[in-house]
Every structure is written in C-alpha cells, then in structure tokens.
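Novice: My questions all concern the structure below.
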Amino acid sequence: MTNGHALKQQAAGLRARIVGLPKGAKIVLWVLIALLAYALPLLEPPLLSTPGTDFGGVLFTVTVYMLVALGLNIVVGYAGLLDLGYVGFYAIGAYTAAVLTSFHGNWPLLLALPMAVLATTISGVLLGWPTLRVRGDYLAIVTLGFGEIIRLVAVNTEWLGAAKGISQIARPPSVELFEVPHLHWDGWVPLLDFNDTTTFIKFGVLDQIPYYWMGLTVVIVVLFADRLVKDSRVGRAWEATREDEDAAELMGVPTFRFKLLAFASGAFIGGLAGALYASRQNFINPLSFLLLFSILFLAAVVVGGQGNRWGVMVGAFLVAYLPERFREFAEFRVLVFGLALMLLAIFRPEGLLPPRRTLRAKQMEQEIEALEEGVDDEEGARA
Amino acid sequence: MPDVPTAQSVSPARPRKRVLEVDSLTLKFGGLTALDDVSFHIEEGEILGLIGPNGAGKTTCFNAVTGVYRPTSGDIRFDGQSVAGVKRFKITQRGIARTFQNIRLFKAMTALENVLVGTDAKHSTGIASALFRLPRHRREEEQGHDRAMELLRFMGIANKADELAANLSYGDQRRLEIARAMATDPKLLCLDEPAAGFNPAEKAKLMELIRKVRDQGYTVLLIEHDMRLVMGVTDRIVVLEFGQKIAEGAPAEIRDNPAVIAAYLGVDEDDAS
C-alpha cells in the first residue's frame, strides 16, 4: 500500500518534471520516443518481441487496433455514444479498398484509400442520421445490428466475393531505397545482423515492418488531428453532449449535428484502419469482421480509459499484443483475457489510463468519503 | 422587507420594448393541463419575477419559453418572432438562456470549459477550422476565453476556473450555471430558482448579483420561491397557481393581493390578514 503510494508520487514527480521541460526539450523527447517506436521491430527487444509470430506483423496489427481505438474513442469516449457495431465501418473501409483495387477495378491503393475513407464517412452519416435520435441502450442495439448487417451483406453478395472473400488486394507502392539491418540478440547482447535486413521501403509479402511504419505514421497523424479537434469548440460540444445532452442543447449546442460529426469522424478513422488492414492482409473475407471484433475494439477503449487518447492506445496495444505474445497458451488466452477484463472492471472501472480529470473527480470523491467516514467514527466514539 | 430599492416605479408612462411576449399559452400533458391560457410579457431591462406555489407551472412555463415543450396552443414571441416549435439550440442562439432548478452542469468539464460551451453558442468553428487552426478558430477561441474569464470573475469564481464542475461547492455550481447561461450572450436570462438551497446571507448576495446582471443590460426572468427575495429584487411579478395566472403587478401590489396571499397560505383571505 505505502509502496504503491510512493510509486504514485514518484510517477507524479516525473510527470511534473516532464511537463516543466522547455518546449524545445519536450519536442526532442517526443521525437526520440517516436524514433524508438519506429525502430521497435528492428530492435526486437528480447521480452517484448513475440517468439511465435512475426514481430513486425504483430506491431502492424497493434497500430491498426490503435487507429480503431482512436476512432472509436471519439464516438464512445468524447461524445458518449455507445457503438457496438464499429467493425461495420472497419469492414466498409476494407471492402471498398478490396473492390476498387482488385475485385472490380484496378486502382492503385493510394487512390482507393481516399475512396474507402469517403465511403465509410458517408456510411457513418447514413447510419447516424436516423439512429442518433435514440439514446443509450437503444443506440447500442441499433449499432450492434448495423455491424452484423454489414457482415451478412458481405456474406450473401456475390459482387462482394460472398463467403470466399476477395484476394489480391493492392499493396502500397514500394520505393526501395536502402537496407536496414535488424538487431540480433545473443542472450542479452545485441548484435547487428546484416543477413536479416528490411528494405526501406518495400511492401512485400514476408517482411511486415514497412506496413508497421505506415500504420505508425497514420496513427501519429491521427493523434495530432485528434488533439487539435478535441481542444476546440468541436471537442467541447462533444463532451458537453456526453455530460448532459439536454443541457448542452439548451446552451446552444446543436447536439444532433455534433453527434453526427462524431459518428462520421469515428467512421472515417475506422474505414482508414480497415483499408490499411485489407492492404496488408492482401485478402479479406467476412470472417475478418465478426461481432467479436466490435467487442474487442470496445474493450480496447474501455480497458485503456475512454476519453483519453493515450489510454485507448494502451488498451489497443494490450488487446492486440497480449494474445500474440502469449500464443503458447492457445485456447486459454481468451479465458485469461476475460478474467483480466473482469478484474479490471472490479478494481479499475475507469480503465487503466483514464483522462486525468476522471482521476481528479474520483480523488475528490474519495476525500469527501473519507471526511464523512471520519465524522461517523467520531460520532460513534462519542456515542 | 420594507426597502424595495430597485422597484424604480415601473414607469408605465414610457412603454419599453417587449422582449418576450407569452400569449394565451396553454400546455397539456395528456389530460393534465399544466398551463392554462397564461399571458404575460417582459420588457427590456426589467427583472420579472415568476412565482407561485409548488406545482403551479413555473418551470413548465420556463420550459415552454426555452423550447423544451411545445405549446399546445397559444404563442410565445421573442423579439417579435415566435419561438414555438423552434429547436432548442436555435432559441438559445437567438438570445434566451437559462439555468436549471436542479443543477445541470457538465460535470466532468472544468468550470472554464462549462462557460466556454456557453460562449460557443455564438461561434461557428467547425471541424475544418479546428483541424487546421484557421483564423476563425483562433479568434473565437481567444474571444470566448476572455469573455468566459470575465464572467467567472463577475461571479466570483475565477480562482476555480480549472476545477471540475463536479468538484465545486454547491453555491459555486449555482453561480457557474449563471455564468454559463450569460456566456451565450442572451437578451433574456431565465433563472430557475437560482437561490434554492442558499442560506439568507447567500441569497441576499445573489440577489445583489442579479441586480448587477440586469444593470449590464440583460433582461431577467426569475423563478423564485422566497417571497421576500422576489419582492426585493424584481420590478414586476407574475403569480401562477394551478397553471393559471392569478395576479400580475409591482411587488407592492402583489404583496397585498388577497388572491396571492390565499394561494401561498392556503387559507381564507379574512384569516390571512
């Protein structure tokens, strides 16, 4: 207990020191962190690296989940709209890219991406227009249905490849410039391994690392955009709507319009993630878009701490990474995952890394509770 | 109670512009008639008190004015234009702002952000402006921020600007609600029992504040339970009972109105005297 407290204080101290850094130093620090993130699959750090599967591939999946979590966070975390069918947008993005680049067209991926994103954004508006008039549980059920409808349409439509799916989806264009060597760990000793290299930047079949670089770049761009939008009239309107929709409306917030905007923005990012996924995978079928994924995406947001962009990224990392890291536990991993979720719900319902303000409110609550308990004790002692 | 400092003789000689006109407003919920043919108006720059016993229809009337309920019949005109059936946020943007009887702040947002949401009512920054930090975003953000801080200072809670609304004391939450409503830059400010739960000293302070608000050029519609306070601060009073208007006039007239006394004390006029 005291140990945990000291740890917390240390963390707070570290945080204060980082916040206190001059702006230039902060930028340098962030650039270093970003570089480290880019280099991660080349470094293959011993404990972090996944022994059973390709580390670069796992990291790419992590970035896709991060994108999805960031998008869903806008809908669930900022605007407070429970969306259980988010995989629908992911699927629309993936299918649009697949249809345009392989099944019914021969577009280059870079042209298909904007179309995929556009299609998903429009589908977000189309879904939101009638459904955002209902609230809470009802919205959850309607979106749940949406996710399933999209999948079932894909299963039953020959034009979309039906159950067989679509293969030969275009990859991003390669620009082969130079080779980057990987690190090879001999126990704890890192060695440069010139036999194992990644081509910068070639989107091939075997080496997944360039896809990860692409995914990470998109995540960083989305992070910036998220921050800019959140910290504006739009972000405030979302939060006000989440806190009290009627009061927001009476304070001049056109809540319906902003909810629709949240839905469309979330769909935009979800579609982007889906298209990137399809391109890396080269092949999609309806099984890639099961209801389970909607739940996993939502789990990433809730586990990480809805409303905090860093929190949901942590959540996405855990949801995407842990099952791959502990592949040897095979079927048990779902069980372990479920248990972990339950424990989290009991001991930290606000998520691992909730927005700082949630923590502040909780702290206040505890202080008041402690005060009230103190009063009770005194009264008890007197009696 | 004897001093009525602000009832500056409602000057019937010089008719002022009518900000709000409520015209034979009737509101029915199924078989229940919550408001029955209520008419009154508010003149520019005055404080109108809306009083009545519990369940008289004061808050319902408020809700009709701010667009929460649609009138069953009758009309509500603001600045000469009907607001019946107009969307709630549009009514606010036109210039009617309100507070709530049960505090309804955005709890997980800071005091400053709460007020900023109010200032945003008159802004038009969209996602593109925000994303690319266009001049409009920067201008509105700066203006809104200045105005919000000004209002927080006016309400005496500027030092709590970065506190979460949920963490403010009860009194500060009530003050923050008024600041948020004023931030929408309304012509008509509707306060729904702003002093509920206050002790007498706090109430007196709040009434002083409401007077100051009026002096800044706002027109105020005030629902209040405490007769003494209402008498002290309002220019005119409308009394509702069971959804009907039973009296209207200057505070002094209302105080001596037998129907009002009966409504409040629930006894015969003879016994009341």
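Every chain in the structure tokens has a letter given in the order shown (A, B, ...), and although residue numbers restart at 1 in each chain, ligands are simply numbered from 1 in the order shown.
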What are the residues of chain A lining chain B at 7 Å or less? Count only C-alpha atoms, and put the answer as a list in words.
Specialist: Ala225, Leu228, Val229, Ser232, Arg233, Val234, Arg236, Ala237, Ala240, Glu243, Asp244, Ala247, Glu249, Leu250, Met251, Gly252, Val253, Pro254, Arg357, Ala361 and Met364 of chain A
Novice: At a cut-off of 9 Å, can you tabulate as a Markdown table every residue of segment 139-194 of chain B near segment 216-238 of chain B together with its closest atom pair and the distance in Å to one decimal, using only C-alpha atoms and ordering rows by chain then number?
Specialist:
```
| residue | atom | partner | partner_atom | distance |
| --- | --- | --- | --- | --- |
| B:Met182 | CA | B:Tyr218 | CA | 8.8 |
| B:Asp185 | CA | B:Tyr218 | CA | 9.0 |
| B:Pro186 | CA | B:Tyr218 | CA | 7.3 |
| B:Lys187 | CA | B:Tyr218 | CA | 5.6 |
| B:Leu188 | CA | B:Thr219 | CA | 4.8 |
| B:Leu189 | CA | B:Val220 | CA | 4.8 |
| B:Cys190 | CA | B:Leu221 | CA | 4.6 |
| B:Leu191 | CA | B:Leu222 | CA | 4.9 |
| B:Asp192 | CA | B:Ile223 | CA | 4.9 |
| B:Glu193 | CA | B:Glu224 | CA | 4.7 |
| B:Pro194 | CA | B:Glu224 | CA | 7.3 |
```
Novice: List as a list in words the protein and nucleic acid residues near Val312 of chain A, meaning an atom at most 8 Å away when only C-alpha atoms are counted, but skip any in the same chain fewer than 4 places from it.
Specialist: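 Those residues are Met66, Ala69, Leu70, Asn73, Ala300, Val301, Val302, Val303, Gly304, Gly305, Gln306, Gly307, Asn308, Ala316 and Leu353 of chain A.
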Novice: Hey, what's within 12 Å of Trp188 of chain A if we count only C-alpha atoms and toss same-chain stuff fewer than 6 positions away? As a list in words, please?
Specialist: Glu44, Pro45, Pro46 and Leu47 of chain A
Novice: So how many Å separate atom CA of Tyr211 of chain A and atom CA of Phe60 of chain A, to one decimal?
Specialist: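 Value for the atom CA of Tyr211 of chain A-atom CA of Phe60 of chain A distance: 6.2 Å.
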Novice: Can you tell me how far atom CA of Arg242 of chain A sits from atom CA of Tyr78 of chain A, in Å to one decimal?
Specialist: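 Distance between the two atoms: 6.9 Å.
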Novice: Could you go through segment 181-326 of chain A and tell me which residues DSSP, when run on the backbone, assigns to strand (DSSP E or B), listing them as a PyMOL selection string?
Specialist: chain A and resi 181-186+189-200+284
Novice: Of the candidates A:Ala91, A:Ile150, A:Leu42, A:Val189, which one gets nearest to Pro210 of chain A if we count only C-alpha atoms?
Specialist: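 Of A:Ala91, A:Ile150, A:Leu42, A:Val189, the one nearest Pro210 of chain A, counting only C-alpha atoms, is A:Leu42.
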Novice: When you draw a straight line from atom CA of Ala170 of chain A to atom CA of Ala116 of chain A, how long is it in Å?
Specialist: 13.1 Å
Novice: Could you list, as a compact mmCIF listing (two decimals) with N, CA and C atoms, in the first residue's frame, every residue within 10 Å of Phe289 of chain A, counting only C-alpha atoms and ignoring same-chain residues fewer than 6 positions away?
Specialist:
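After the write, out-v5.txt holds the following:
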```txt
# COMPACT_ATOMS: atom_id res chain seq x y z
N TYR A 86 -18.92 -1.06 -34.44
CA TYR A 86 -17.86 -0.29 -35.09
C TYR A 86 -17.15 -1.09 -36.17
N VAL A 87 -17.16 -2.41 -36.02
CA VAL A 87 -16.50 -3.24 -37.01
C VAL A 87 -17.13 -3.04 -38.39
N GLY A 88 -18.38 -2.59 -38.41
CA GLY A 88 -19.06 -2.32 -39.68
C GLY A 88 -18.30 -1.30 -40.51
N PHE A 89 -17.83 -0.24 -39.86
CA PHE A 89 -17.09 0.79 -40.59
C PHE A 89 -15.74 0.24 -41.07
N TYR A 90 -15.14 -0.52 -40.19
CA TYR A 90 -13.86 -1.16 -40.49
C TYR A 90 -14.03 -2.04 -41.75
N ALA A 91 -15.15 -2.76 -41.78
CA ALA A 91 -15.43 -3.65 -42.91
C ALA A 91 -15.67 -2.85 -44.19
N ILE A 92 -16.43 -1.77 -44.07
CA ILE A 92 -16.71 -0.97 -45.26
C ILE A 92 -15.42 -0.41 -45.85
N ALA A 94 -12.41 -1.71 -45.54
CA ALA A 94 -11.65 -2.82 -46.11
C ALA A 94 -12.25 -3.26 -47.44
N GLY A 147 -23.47 -3.51 -37.47
CA GLY A 147 -22.26 -4.29 -37.66
C GLY A 147 -22.56 -5.65 -38.27
N GLU A 148 -23.60 -6.30 -37.77
CA GLU A 148 -23.96 -7.62 -38.26
C GLU A 148 -24.51 -7.55 -39.69
N ILE A 150 -23.78 -5.43 -42.03
CA ILE A 150 -22.69 -5.25 -42.98
C ILE A 150 -22.02 -6.59 -43.27
N ARG A 151 -21.78 -7.36 -42.22
CA ARG A 151 -21.11 -8.65 -42.41
C ARG A 151 -22.00 -9.60 -43.23
N LEU A 152 -23.28 -9.64 -42.88
CA LEU A 152 -24.18 -10.56 -43.57
C LEU A 152 -24.36 -10.17 -45.03
N ALA A 154 -22.07 -8.82 -46.80
CA ALA A 154 -20.84 -9.28 -47.45
C ALA A 154 -20.90 -10.79 -47.70
N GLY A 274 -9.51 -0.04 -41.62
CA GLY A 274 -9.94 -1.23 -42.36
C GLY A 274 -9.22 -1.36 -43.69
```
Novice: Would you mind telling me which residue in B:Gln101, B:Thr72, B:Gln143, B:Asn257 lies nearest to Lys58 of chain B when using only C-alpha atoms?
Specialist: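 Among B:Gln101, B:Thr72, B:Gln143, B:Asn257, it is B:Gln101 that comes nearest to Lys58 of chain B.
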Novice: What residues in segment 200-379 of chain A get the DSSP label alpha helix (DSSP H)? Please answer as a ChimeraX atom specification.
Specialist: /A:209-230,233-243,245-250,255-281,291-304,309-325,332-347,356-379
Novice: Go ahead and dump the residues you just picked, C-alpha atoms, as a compact mmCIF listing (two decimals), in the first residue's frame.
Specialist:
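Everything below was put into out-v5.txt:
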```txt
# COMPACT_ATOMS: atom_id res chain seq x y z
CA ILE A 209 7.85 -3.98 -40.91
CA PRO A 210 7.16 -1.39 -43.66
CA TYR A 211 3.44 -1.87 -43.04
CA TYR A 212 4.06 -1.14 -39.39
CA TRP A 213 5.90 2.04 -40.31
CA MET A 214 2.97 3.09 -42.46
CA GLY A 215 0.48 2.26 -39.70
CA LEU A 216 2.50 4.10 -37.10
CA THR A 217 2.72 7.18 -39.32
CA VAL A 218 -1.04 7.21 -39.76
CA VAL A 219 -1.51 6.78 -36.00
CA ILE A 220 0.72 9.79 -35.35
CA VAL A 221 -1.15 11.93 -37.87
CA VAL A 222 -4.50 10.90 -36.37
CA LEU A 223 -3.17 11.65 -32.88
CA PHE A 224 -2.35 15.21 -33.91
CA ALA A 225 -5.71 15.66 -35.58
CA ASP A 226 -7.47 14.23 -32.55
CA ARG A 227 -5.73 16.68 -30.29
CA LEU A 228 -6.48 19.68 -32.48
CA VAL A 229 -10.15 18.85 -32.78
CA LYS A 230 -10.62 17.85 -29.15
CA ARG A 233 -15.34 24.15 -29.93
CA VAL A 234 -15.99 20.77 -31.53
CA GLY A 235 -14.39 18.79 -28.70
CA ARG A 236 -16.18 20.83 -26.08
CA ALA A 237 -19.50 20.32 -27.82
CA TRP A 238 -18.88 16.54 -27.85
CA GLU A 239 -18.07 16.47 -24.18
CA ALA A 240 -21.00 18.68 -23.24
CA THR A 241 -23.29 16.37 -25.20
CA ARG A 242 -21.88 13.38 -23.37
CA GLU A 243 -22.27 15.01 -19.98
CA GLU A 245 -27.41 16.27 -23.81
CA ASP A 246 -30.43 18.37 -22.87
CA ALA A 247 -28.41 20.96 -21.03
CA ALA A 248 -25.99 21.14 -23.95
CA GLU A 249 -28.83 21.70 -26.38
CA LEU A 250 -30.19 24.48 -24.17
CA THR A 255 -26.21 18.25 -30.33
CA PHE A 256 -27.57 16.20 -33.19
CA ARG A 257 -25.17 17.78 -35.65
CA PHE A 258 -22.23 17.20 -33.35
CA LYS A 259 -23.19 13.62 -32.64
CA LEU A 260 -23.36 13.05 -36.35
CA LEU A 261 -19.95 14.66 -36.73
CA ALA A 262 -18.56 12.36 -34.03
CA PHE A 263 -20.02 9.37 -35.82
CA ALA A 264 -18.62 10.48 -39.16
CA SER A 265 -15.17 11.20 -37.72
CA GLY A 266 -15.12 7.84 -35.98
CA ALA A 267 -16.21 6.13 -39.18
CA PHE A 268 -13.52 7.99 -41.12
CA ILE A 269 -10.77 6.61 -38.91
CA GLY A 270 -12.35 3.16 -38.72
CA GLY A 271 -12.55 2.99 -42.50
CA LEU A 272 -8.95 4.07 -42.84
CA ALA A 273 -7.88 1.33 -40.45
CA GLY A 274 -9.94 -1.23 -42.36
CA ALA A 275 -8.43 -0.27 -45.70
CA LEU A 276 -4.88 -0.46 -44.33
CA TYR A 277 -5.66 -3.84 -42.82
CA ALA A 278 -7.05 -5.14 -46.12
CA SER A 279 -3.99 -3.95 -47.98
CA ARG A 280 -1.55 -5.64 -45.63
CA GLN A 281 -3.64 -8.79 -45.43
CA LEU A 291 -19.07 -9.19 -34.00
CA LEU A 292 -16.23 -10.31 -31.76
CA PHE A 293 -14.05 -7.57 -33.25
CA SER A 294 -16.55 -4.87 -32.32
CA ILE A 295 -16.36 -6.16 -28.78
CA LEU A 296 -12.56 -6.25 -28.86
CA PHE A 297 -12.38 -2.71 -30.19
CA LEU A 298 -14.71 -1.53 -27.49
CA ALA A 299 -12.69 -3.48 -24.93
CA ALA A 300 -9.56 -1.65 -26.07
CA VAL A 301 -11.26 1.69 -25.49
CA VAL A 302 -12.78 0.79 -22.15
CA VAL A 303 -9.74 -1.06 -20.81
CA GLY A 304 -7.43 1.77 -21.75
CA ARG A 309 -6.25 9.19 -26.38
CA TRP A 310 -3.16 7.72 -24.71
CA GLY A 311 -5.29 5.44 -22.58
CA VAL A 312 -7.14 3.93 -25.51
CA MET A 313 -3.83 3.40 -27.32
CA VAL A 314 -2.55 1.46 -24.33
CA GLY A 315 -5.80 -0.51 -24.39
CA ALA A 316 -5.40 -1.20 -28.09
CA PHE A 317 -1.85 -2.34 -27.56
CA LEU A 318 -2.88 -4.78 -24.83
CA VAL A 319 -5.84 -6.17 -26.76
CA ALA A 320 -3.84 -6.69 -29.93
CA TYR A 321 -0.48 -7.61 -28.47
CA LEU A 322 -1.10 -9.86 -25.47
CA PRO A 323 -2.89 -12.67 -27.34
CA GLU A 324 0.01 -12.77 -29.83
CA ARG A 325 2.69 -12.62 -27.17
CA PHE A 332 -6.56 -20.35 -22.60
CA ARG A 333 -5.69 -16.90 -23.77
CA VAL A 334 -9.33 -15.97 -24.29
CA LEU A 335 -10.09 -17.19 -20.79
CA VAL A 336 -7.22 -15.18 -19.37
CA PHE A 337 -8.34 -12.17 -21.33
CA GLY A 338 -11.85 -12.50 -19.93
CA LEU A 339 -10.54 -12.81 -16.39
CA ALA A 340 -8.34 -9.76 -16.87
CA LEU A 341 -11.35 -7.78 -18.07
CA MET A 342 -13.35 -8.84 -15.04
CA LEU A 343 -10.60 -7.90 -12.63
CA LEU A 344 -10.27 -4.57 -14.35
CA ALA A 345 -13.99 -3.93 -14.09
CA ILE A 346 -13.83 -4.60 -10.37
CA PHE A 347 -10.66 -2.78 -9.43
CA ARG A 356 -6.72 12.96 -15.72
CA ARG A 357 -9.95 14.74 -14.91
CA THR A 358 -11.70 11.44 -14.17
CA LEU A 359 -8.94 10.73 -11.69
CA ARG A 360 -9.35 14.16 -10.15
CA ALA A 361 -13.06 13.73 -9.72
CA LYS A 362 -12.52 10.30 -8.20
CA GLN A 363 -9.91 11.60 -5.81
CA MET A 364 -12.30 14.32 -4.66
CA GLU A 365 -14.99 11.73 -4.15
CA GLN A 366 -12.68 9.65 -2.01
CA GLU A 367 -11.66 12.67 0.04
CA ILE A 368 -15.28 13.50 0.73
CA GLU A 369 -15.98 9.90 1.58
CA ALA A 370 -13.04 9.84 3.97
CA LEU A 371 -14.30 13.02 5.62
CA GLU A 372 -17.76 11.57 6.00
CA GLU A 373 -16.37 8.37 7.44
CA GLY A 374 -14.31 10.41 9.87
CA VAL A 375 -17.45 12.15 11.05
CA ASP A 376 -19.20 8.82 11.50
CA ASP A 377 -16.29 7.47 13.51
CA GLU A 378 -16.28 10.48 15.77
CA GLU A 379 -19.97 10.20 16.32
```
